[in-house]
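Visitor: The structure file model-v9.cif (mmCIF, C-alpha atoms) is provided below.
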```
data_start
loop_
_atom_site.label_atom_id
_atom_site.label_comp_id
_atom_site.auth_asym_id
_atom_site.auth_seq_id
_atom_site.Cartn_x
_atom_site.Cartn_y
_atom_site.Cartn_z
CA MET A 1 25.40 13.49 -16.53
CA ALA A 2 25.13 11.93 -20.00
CA GLU A 3 25.78 14.69 -22.51
CA ASP A 4 23.04 13.90 -25.03
CA GLN A 5 20.51 13.68 -22.22
CA GLN A 6 21.63 17.04 -20.93
CA ARG A 7 21.43 18.57 -24.41
CA ALA A 8 17.93 17.19 -24.91
CA ARG A 9 16.80 18.73 -21.62
CA GLU A 10 18.37 22.05 -22.44
CA ALA A 11 16.72 22.17 -25.88
CA ARG A 12 13.36 21.97 -24.12
CA GLY A 13 14.18 24.62 -21.54
CA PRO A 14 13.90 24.00 -17.81
CA GLY A 15 11.76 20.95 -17.04
CA GLU A 16 9.05 20.48 -14.49
CA TRP A 17 9.99 19.59 -10.92
CA VAL A 18 7.87 18.42 -8.06
CA LEU A 19 8.60 20.17 -4.79
CA LEU A 20 7.74 19.10 -1.28
CA CYS A 21 7.56 21.94 1.22
CA TYR A 22 7.34 20.33 4.63
CA ARG A 23 7.85 20.66 8.34
CA VAL A 24 7.86 17.85 10.90
CA PRO A 25 7.89 18.65 14.65
CA ARG A 26 11.28 18.12 16.26
CA GLU A 27 9.73 15.81 18.88
CA PRO A 28 8.90 12.97 18.80
CA SER A 29 11.91 12.22 16.64
CA THR A 30 10.72 8.89 15.17
CA PRO A 31 8.36 10.27 12.47
CA ARG A 32 10.83 13.05 11.74
CA ILE A 33 13.61 10.54 11.12
CA ALA A 34 11.27 8.28 9.10
CA VAL A 35 10.46 11.18 6.75
CA TRP A 36 14.12 12.13 6.44
CA ARG A 37 15.11 8.52 5.62
CA LYS A 38 12.43 8.24 2.96
CA LEU A 39 13.52 11.47 1.31
CA LYS A 40 17.13 10.32 1.34
CA ARG A 41 16.11 7.03 -0.21
CA LEU A 42 14.29 8.88 -3.01
CA GLY A 43 17.43 10.89 -3.75
CA VAL A 44 15.78 14.31 -3.46
CA ALA A 45 17.65 17.55 -4.09
CA GLN A 46 17.60 19.68 -0.96
CA ILE A 47 16.79 23.24 -2.02
CA SER A 48 16.67 24.65 1.48
CA ASP A 49 15.57 23.63 4.94
CA GLY A 50 12.18 21.93 4.54
CA LEU A 51 12.13 22.19 0.76
CA VAL A 52 13.14 19.28 -1.46
CA ALA A 53 12.74 18.57 -5.17
CA LEU A 54 12.66 15.75 -7.71
CA PRO A 55 12.19 15.88 -11.48
CA ALA A 56 8.41 15.62 -11.92
CA ASP A 57 6.81 12.43 -13.18
CA ALA A 58 3.78 10.44 -12.06
CA ARG A 59 5.89 8.35 -9.73
CA THR A 60 8.02 10.99 -8.06
CA GLN A 61 4.97 13.17 -7.45
CA GLU A 62 3.11 10.28 -5.85
CA GLN A 63 6.06 9.35 -3.64
CA LEU A 64 6.41 12.90 -2.36
CA GLU A 65 2.64 13.17 -1.85
CA TRP A 66 2.65 10.20 0.52
CA ILE A 67 5.54 11.75 2.44
CA ALA A 68 3.62 15.05 2.63
CA ASP A 69 0.72 13.13 4.21
CA GLU A 70 3.12 11.45 6.61
CA ALA A 71 4.45 14.84 7.71
CA ILE A 72 0.88 16.07 8.24
CA GLU A 73 -0.06 12.92 10.19
CA ALA A 74 2.96 13.55 12.42
CA GLY A 75 1.55 16.97 13.30
CA GLY A 76 3.58 18.93 10.78
CA THR A 77 2.83 20.35 7.36
CA GLY A 78 3.40 19.09 3.83
CA ALA A 79 2.53 20.71 0.51
CA ILE A 80 3.28 19.61 -3.02
CA TRP A 81 4.13 22.09 -5.77
CA LEU A 82 4.91 21.67 -9.44
CA ALA A 83 7.43 24.22 -10.61
CA ARG A 84 10.04 25.08 -13.21
CA PRO A 85 13.43 26.59 -12.40
CA ALA A 86 13.44 30.04 -13.99
CA THR A 87 16.75 29.46 -15.74
CA LEU A 88 18.58 26.52 -17.24
CA ALA A 89 21.58 27.37 -15.08
CA GLN A 90 19.50 26.93 -11.94
CA GLU A 91 18.16 23.60 -13.16
CA ARG A 92 21.63 22.46 -14.10
CA GLU A 93 22.87 23.30 -10.64
CA LEU A 94 20.07 21.26 -9.08
CA ALA A 95 20.71 18.30 -11.40
CA GLN A 96 24.45 18.55 -10.77
CA SER A 97 23.99 18.42 -7.00
CA MET A 98 21.95 15.24 -7.43
CA ALA A 99 24.46 13.73 -9.87
CA ASP A 100 27.29 14.53 -7.42
CA ALA A 101 25.47 12.82 -4.56
CA ARG A 102 24.92 9.68 -6.68
CA ALA A 103 28.52 9.79 -7.92
CA ALA A 104 29.76 9.57 -4.32
CA GLU A 105 27.53 6.55 -3.73
CA TYR A 106 28.70 4.82 -6.92
CA LYS A 107 32.31 5.52 -5.96
CA ALA A 108 31.83 3.79 -2.61
CA VAL A 109 30.48 0.70 -4.39
CA ALA A 110 33.33 0.69 -6.92
CA LYS A 111 35.82 1.04 -4.05
CA ALA A 112 34.27 -1.85 -2.10
CA ALA A 113 34.31 -4.03 -5.24
CA GLY A 114 37.91 -3.12 -5.99
CA GLU A 115 39.02 -3.83 -2.44
CA ALA A 116 37.24 -7.21 -2.37
CA ALA A 117 38.87 -8.12 -5.69
CA ALA A 118 42.33 -7.05 -4.49
CA ALA A 119 42.03 -8.89 -1.18
CA GLY A 120 40.51 -11.97 -2.81
CA THR A 121 37.50 -11.71 -0.50
CA GLY A 122 34.94 -11.52 -3.28
CA THR A 123 32.27 -14.09 -2.52
CA ALA A 124 28.82 -14.62 -3.99
CA SER A 125 27.32 -12.86 -1.01
CA VAL A 126 29.59 -9.80 -1.36
CA VAL A 127 28.60 -9.60 -5.03
CA ARG A 128 24.92 -9.90 -4.13
CA ARG A 129 25.18 -7.12 -1.57
CA LEU A 130 26.97 -4.77 -3.98
CA ARG A 131 24.48 -5.51 -6.76
CA ALA A 132 21.59 -4.73 -4.40
CA GLU A 133 23.30 -1.47 -3.48
CA LEU A 134 23.73 -0.59 -7.17
CA ARG A 135 20.03 -1.22 -7.77
CA ARG A 136 19.14 1.01 -4.82
CA ILE A 137 21.34 3.83 -6.08
CA GLY A 138 20.05 3.35 -9.64
CA ARG A 139 16.47 3.88 -8.56
CA ARG A 140 17.27 7.35 -7.20
CA ASP A 141 19.67 8.23 -10.00
CA PHE A 142 17.92 10.76 -12.23
CA PHE A 143 21.05 12.22 -13.84
CA PRO A 144 23.51 9.31 -14.17
CA PRO A 145 27.13 10.41 -13.61
CA PRO A 146 30.06 8.64 -15.30
CA GLU A 147 30.82 6.94 -11.97
CA ARG A 148 27.80 4.72 -12.57
CA ASP A 149 29.45 2.84 -15.43
CA ARG A 150 32.65 2.45 -13.43
CA ALA A 151 30.78 1.03 -10.44
CA ASN A 152 28.84 -1.35 -12.67
CA ALA A 153 32.04 -2.50 -14.34
CA ALA A 154 33.82 -2.99 -11.00
CA VAL A 155 31.00 -5.15 -9.63
CA ARG A 156 30.72 -7.09 -12.88
CA SER A 157 34.42 -7.89 -12.88
CA LEU A 158 34.27 -8.91 -9.21
CA ALA A 159 31.33 -11.19 -10.07
CA ASP A 160 33.29 -12.76 -12.94
CA GLU A 161 36.31 -13.40 -10.73
CA THR A 162 34.14 -14.73 -7.96
CA SER A 163 32.29 -17.27 -10.09
CA LEU A 164 35.63 -18.29 -11.58
CA SER A 165 37.32 -18.82 -8.21
CA ASP A 166 34.19 -20.51 -6.83
CA ALA A 167 34.34 -22.99 -9.70
CA VAL A 168 38.02 -23.70 -9.14
CA ALA A 169 38.31 -23.87 -5.38
CA MET A 170 34.89 -23.83 -3.69
CA GLN A 171 36.69 -22.05 -0.89
CA PRO A 172 34.49 -20.31 1.63
CA GLY A 173 35.38 -16.69 2.27
CA PRO A 174 35.36 -15.00 5.67
CA PRO A 175 31.93 -14.46 7.19
CA GLU A 176 30.26 -11.33 5.79
CA LYS A 177 28.26 -8.82 7.65
CA GLU A 178 24.76 -8.47 6.25
CA GLN A 179 24.02 -4.90 5.33
CA ALA A 180 21.15 -3.36 7.29
CA MET B 1 -20.80 0.15 -4.81
CA LYS B 2 -18.72 2.87 -6.39
CA TRP B 3 -15.01 3.15 -5.64
CA ALA B 4 -12.76 5.98 -6.72
CA THR B 5 -9.01 6.29 -7.06
CA ARG B 6 -6.44 8.41 -8.85
CA ALA B 7 -6.14 7.96 -12.60
CA ARG B 8 -2.96 6.48 -14.14
CA ILE B 9 -3.00 3.46 -11.87
CA HIS B 10 0.05 1.51 -10.85
CA ILE B 11 0.74 -1.51 -8.68
CA ASP B 12 -0.94 -0.48 -5.41
CA ARG B 13 -4.15 0.79 -7.05
CA ALA B 14 -4.35 -2.20 -9.44
CA ALA B 15 -3.91 -4.61 -6.52
CA CYS B 16 -6.43 -2.70 -4.36
CA ALA B 17 -9.02 -2.77 -7.15
CA TRP B 18 -8.51 -6.53 -7.48
CA LEU B 19 -8.80 -6.96 -3.70
CA ILE B 20 -11.99 -4.88 -3.55
CA ASP B 21 -13.51 -6.68 -6.54
CA ARG B 22 -12.68 -10.22 -5.43
CA HIS B 23 -12.89 -9.98 -1.65
CA ILE B 24 -14.99 -7.00 -0.59
CA ASP B 25 -17.56 -5.93 -3.16
CA GLN B 26 -18.77 -8.27 -5.95
CA ASP B 27 -20.44 -5.34 -7.75
CA ALA B 28 -17.54 -2.92 -7.47
CA ASP B 29 -17.60 -0.10 -9.98
CA PHE B 30 -14.34 1.85 -10.37
CA VAL B 31 -13.97 5.53 -11.20
CA PHE B 32 -10.61 7.13 -11.97
CA VAL B 33 -10.15 10.79 -11.16
CA THR B 34 -7.35 13.25 -11.81
CA ASP B 35 -8.05 15.39 -8.75
CA PRO B 36 -9.40 14.47 -5.30
CA VAL B 37 -12.23 17.03 -5.61
CA LEU B 38 -13.61 15.02 -8.55
CA VAL B 39 -14.38 11.94 -6.41
CA PRO B 40 -18.16 11.31 -6.76
CA GLU B 41 -20.05 11.77 -3.49
CA ASP B 42 -21.35 8.20 -3.46
CA ALA B 43 -17.91 6.67 -4.09
CA THR B 44 -15.42 5.30 -1.55
CA PRO B 45 -11.98 6.74 -2.32
CA PHE B 46 -8.87 4.58 -2.01
CA ASP B 47 -5.13 5.08 -2.51
CA MET B 48 -5.48 8.86 -2.54
CA ARG B 49 -4.04 11.51 -0.24
CA GLY B 50 -5.94 12.20 2.94
CA VAL B 51 -8.43 9.30 2.70
CA GLU B 52 -8.96 6.46 5.14
CA LEU B 53 -8.01 3.78 2.59
CA GLY B 54 -4.60 5.25 1.77
CA HIS B 55 -1.06 4.91 3.08
CA HIS B 56 -0.97 4.93 6.87
CA GLY B 57 1.76 4.23 9.39
CA GLY B 58 4.14 2.87 6.77
CA ASP B 59 1.48 0.64 5.19
CA CYS B 60 0.55 0.86 1.53
CA SER B 61 -3.15 1.13 0.63
CA PHE B 62 -3.46 -2.63 -0.02
CA GLU B 63 -2.38 -3.31 3.57
CA THR B 64 -4.65 -0.56 4.90
CA ILE B 65 -7.66 -2.12 3.15
CA LEU B 66 -6.79 -5.58 4.52
CA ARG B 67 -6.68 -4.11 8.04
CA ARG B 68 -9.76 -1.93 7.67
CA TYR B 69 -11.88 -4.84 6.35
CA ARG B 70 -10.29 -7.32 8.77
CA LEU B 71 -9.18 -9.68 6.04
CA MET B 72 -6.96 -12.21 7.82
CA ASP B 73 -6.31 -14.57 4.90
CA PRO B 74 -2.54 -15.28 5.10
CA VAL B 75 -2.39 -15.59 1.32
CA LEU B 76 -3.66 -12.02 0.95
CA TRP B 77 -1.04 -10.89 3.46
CA LYS B 78 1.63 -12.63 1.41
CA LEU B 79 0.42 -10.68 -1.64
CA ALA B 80 0.45 -7.56 0.55
CA GLU B 81 4.19 -7.99 1.15
CA ILE B 82 4.83 -8.13 -2.60
CA VAL B 83 2.57 -5.15 -3.34
CA HIS B 84 4.17 -3.18 -0.49
CA GLU B 85 7.68 -3.73 -1.83
CA ALA B 86 6.66 -3.11 -5.46
CA ASP B 87 5.03 0.15 -4.40
CA LEU B 88 7.23 1.47 -1.59
CA ASP B 89 10.43 -0.48 -2.04
CA ASP B 90 11.46 0.21 1.57
CA GLU B 91 12.78 -3.31 2.26
CA ARG B 92 10.33 -3.89 5.09
CA TYR B 93 9.71 -7.33 3.59
CA ASP B 94 11.80 -9.76 1.60
CA ALA B 95 9.84 -9.89 -1.65
CA PRO B 96 12.06 -10.71 -4.62
CA GLU B 97 8.93 -10.88 -6.81
CA ALA B 98 8.29 -7.18 -6.30
CA PRO B 99 10.67 -5.57 -8.83
CA GLY B 100 9.35 -7.87 -11.58
CA LEU B 101 5.73 -7.10 -10.77
CA ASP B 102 6.56 -3.40 -10.61
CA ALA B 103 8.14 -3.51 -14.08
CA VAL B 104 5.12 -5.34 -15.54
CA LEU B 105 2.63 -2.81 -14.13
CA ARG B 106 4.77 0.17 -15.13
CA GLY B 107 4.94 -1.22 -18.65
CA LEU B 108 1.17 -1.72 -18.78
CA SER B 109 0.65 1.87 -17.62
CA MET B 110 2.55 2.97 -20.74
CA THR B 111 0.49 0.94 -23.21
CA CYS B 112 -3.01 0.63 -21.67
CA ASP B 113 -5.65 2.85 -20.10
CA ASP B 114 -6.76 2.30 -16.52
CA ASN B 115 -9.77 0.09 -17.31
CA ARG B 116 -7.66 -2.11 -19.55
CA ILE B 117 -5.00 -2.43 -16.84
CA LEU B 118 -7.67 -3.71 -14.44
CA GLU B 119 -8.88 -6.20 -17.08
CA LEU B 120 -5.36 -7.52 -17.53
CA SER B 121 -4.10 -7.38 -13.95
CA GLY B 122 -7.21 -9.03 -12.46
CA PRO B 123 -6.43 -12.53 -13.80
CA MET B 124 -2.75 -11.94 -13.00
CA PHE B 125 -3.53 -11.31 -9.32
CA ASP B 126 -5.93 -14.32 -9.40
CA GLY B 127 -3.00 -16.42 -10.57
CA LEU B 128 -0.62 -15.00 -7.99
CA TYR B 129 -3.21 -15.63 -5.29
CA GLU B 130 -3.58 -19.27 -6.40
CA TYR B 131 0.18 -19.72 -6.53
CA TYR B 132 0.68 -18.49 -2.98
CA ARG B 133 -2.42 -20.36 -1.77
CA ARG B 134 -0.85 -23.61 -2.94
CA ALA B 135 2.53 -22.56 -1.54
CA THR B 136 0.90 -21.91 1.85
CA LEU B 137 -0.86 -25.26 1.81
CA MET B 138 2.22 -27.20 0.78
CA GLY B 139 4.65 -25.23 2.90
CA ARG B 140 6.95 -24.91 -0.12
CA GLU B 141 7.01 -23.57 -3.64
CA PRO B 142 4.37 -25.28 -5.78
CA ALA B 143 5.32 -26.72 -9.18
#
```
Could the structure of this file be written out as structure tokens, please?
Guide:
Amino acid sequence: MAEDQQRAREARGPGEWVLLCYRVPREPSTPRIAVWRKLKRLGVAQISDGLVALPADARTQEQLEWIADEAIEAGGTGAIWLARPATLAQERELAQSMADARAAEYKAVAKAAGEAAAAGTGTASVVRRLRAELRRIGRRDFFPPPERDRANAAVRSLADETSLSDAVAMQPGPPEKEQA
Amino acid sequence: MKWATRARIHIDRAACAWLIDRHIDQDADFVFVTDPVLVPEDATPFDMRGVELGHHGGDCSFETILRRYRLMDPVLWKLAEIVHEADLDDERYDAPEAPGLDAVLRGLSMTCDDNRILELSGPMFDGLYEYYRRATLMGREPA
């Protein structure tokens, strides 16, 4: 987490979080999985089974509200709460768990970029896929870890090499698998 | 007719208001509320939790309104793909326009009130509609 950002948060005391308390029936599994995928995509912090959290803003609250409705439509329950962690330590722990999850995702991108660069398999389409992945991670990254800058740098350098080698050789790379 | 939606509008509500105003109700009057209980009795709520004209089955409210009012215009459905991706960003559609439109509307929500956003976004959606109407007619990107 960026230090000045963390200091600014701490000076204000614990911030407001939006919580989704939900339950989706185990069967049928399709709506249950759909809800789970959406929560994962939003980068929520899992507080306990059926309780997830995001830092509160107009957007995060709305996104969780629609998921609450989806859980209800699937025959389950969904309630939205606005709350503050009682202590800074508790908030820090929550933020850290989210930062750690994003860090792992950034690391995977940096690794893929590094491997493509080392193997000389960096093509425009590999770069495009990694950039899209970075954008996806960025949207759910509320407490950017240092790994973000490293992943950005790795993809940027792969892009530079790729455009350079494209200009020199126009050599097609091996066929790439499109990411689902 | 009176239509009500949540205050602090963003892409889906701005697009729905445009759709209602241009294609459903020429005399549409919009009310913005901060809580669902504040929706006036004579108003039709949209893009709010638990209402008919909201998100359903993976659709955003713009798509729900198109379905509910049986609007089959392919140009409106093209706009629906963009609004869907700008709002939900779930990669159901390929809409590279969406992140740009999302940024524009988010920026407007920081500098303008809801009525002003509708004033500004109305002509923008008119223009987008015209652009995709021509694209549909020509079968390729218009000039």
Visitor: Taking the file as shown, what set of residues would the PyMOL selection byres ((chain A) within 9 of (chain B)) give back, as a CSV table (one decimal) with C-alpha atoms, in the frame of the given file?
Guide:
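Once everything was written out, this is result_32.csv:
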```csv
chain,number,residue,atom,x,y,z
A,38,LYS,CA,12.4,8.2,3.0
A,41,ARG,CA,16.1,7.0,-0.2
A,58,ALA,CA,3.8,10.4,-12.1
A,63,GLN,CA,6.1,9.4,-3.6
A,65,GLU,CA,2.6,13.2,-1.8
A,66,TRP,CA,2.6,10.2,0.5
A,68,ALA,CA,3.6,15.0,2.6
A,69,ASP,CA,0.7,13.1,4.2
A,70,GLU,CA,3.1,11.4,6.6
A,73,GLU,CA,-0.1,12.9,10.2
```
Visitor: Using all atoms listed in the file, give me every residue within 10 Å of (7.9, 20.7, -6.4) in file coordinates, as a count of residues only.
Guide: 21
Visitor: Name the residues that the PyMOL selection byres ((chain B and resi 122) around 12) pulls out of this structure, and write them as JSON, numbers by chain.
Guide: {"B": [11, 13, 14, 15, 16, 17, 18, 19, 20, 21, 22, 105, 115, 116, 117, 118, 119, 120, 121, 123, 124, 125, 126, 127, 128, 129]}
Visitor: On this structure, the PyMOL selection byres ((chain A and resi 110) around 7) would catch which residues? List them as a PyMOL selection string, sorted by chain and number.
Guide: chain A and resi 106-109+111-114+150-151+154-155
Visitor: Could you state the separation of CA of Arg67 (chain B) and CA of Thr5 (chain B) in Å, given to one decimal place?
Guide: 18.5 Å
Visitor: Quick one: everything within 9 Å of region 135-141 of chain B, counting only C-alpha atoms, minus sequence neighbours fewer than 4 positions away in the same chain. Send it as a PyMOL selection string.
Guide: chain B and resi 74-75+130-131
Visitor: Return the single residue from A:Asp49, A:Ala124, A:Arg156, A:Gly15 that is closest to Gln90 (chain A), with distances computed using all atoms listed in the file.
Guide: A:Gly15
Visitor: Looking at B:Phe62, B:Trp3, B:Trp77, B:Tyr69, which one is nearest to Asp29 (chain B), with distances taken over only C-alpha atoms?
Guide: B:Trp3
Visitor: Residues proximal to (28.0, 10.4, -6.6) were defined as those with any atom within 12 Å of that point in the file's coordinates, counting all atoms listed in the file. Which are they, as number ranges by chain?
Guide: A: 1, 43, 95-110, 134, 137-138, 140-151
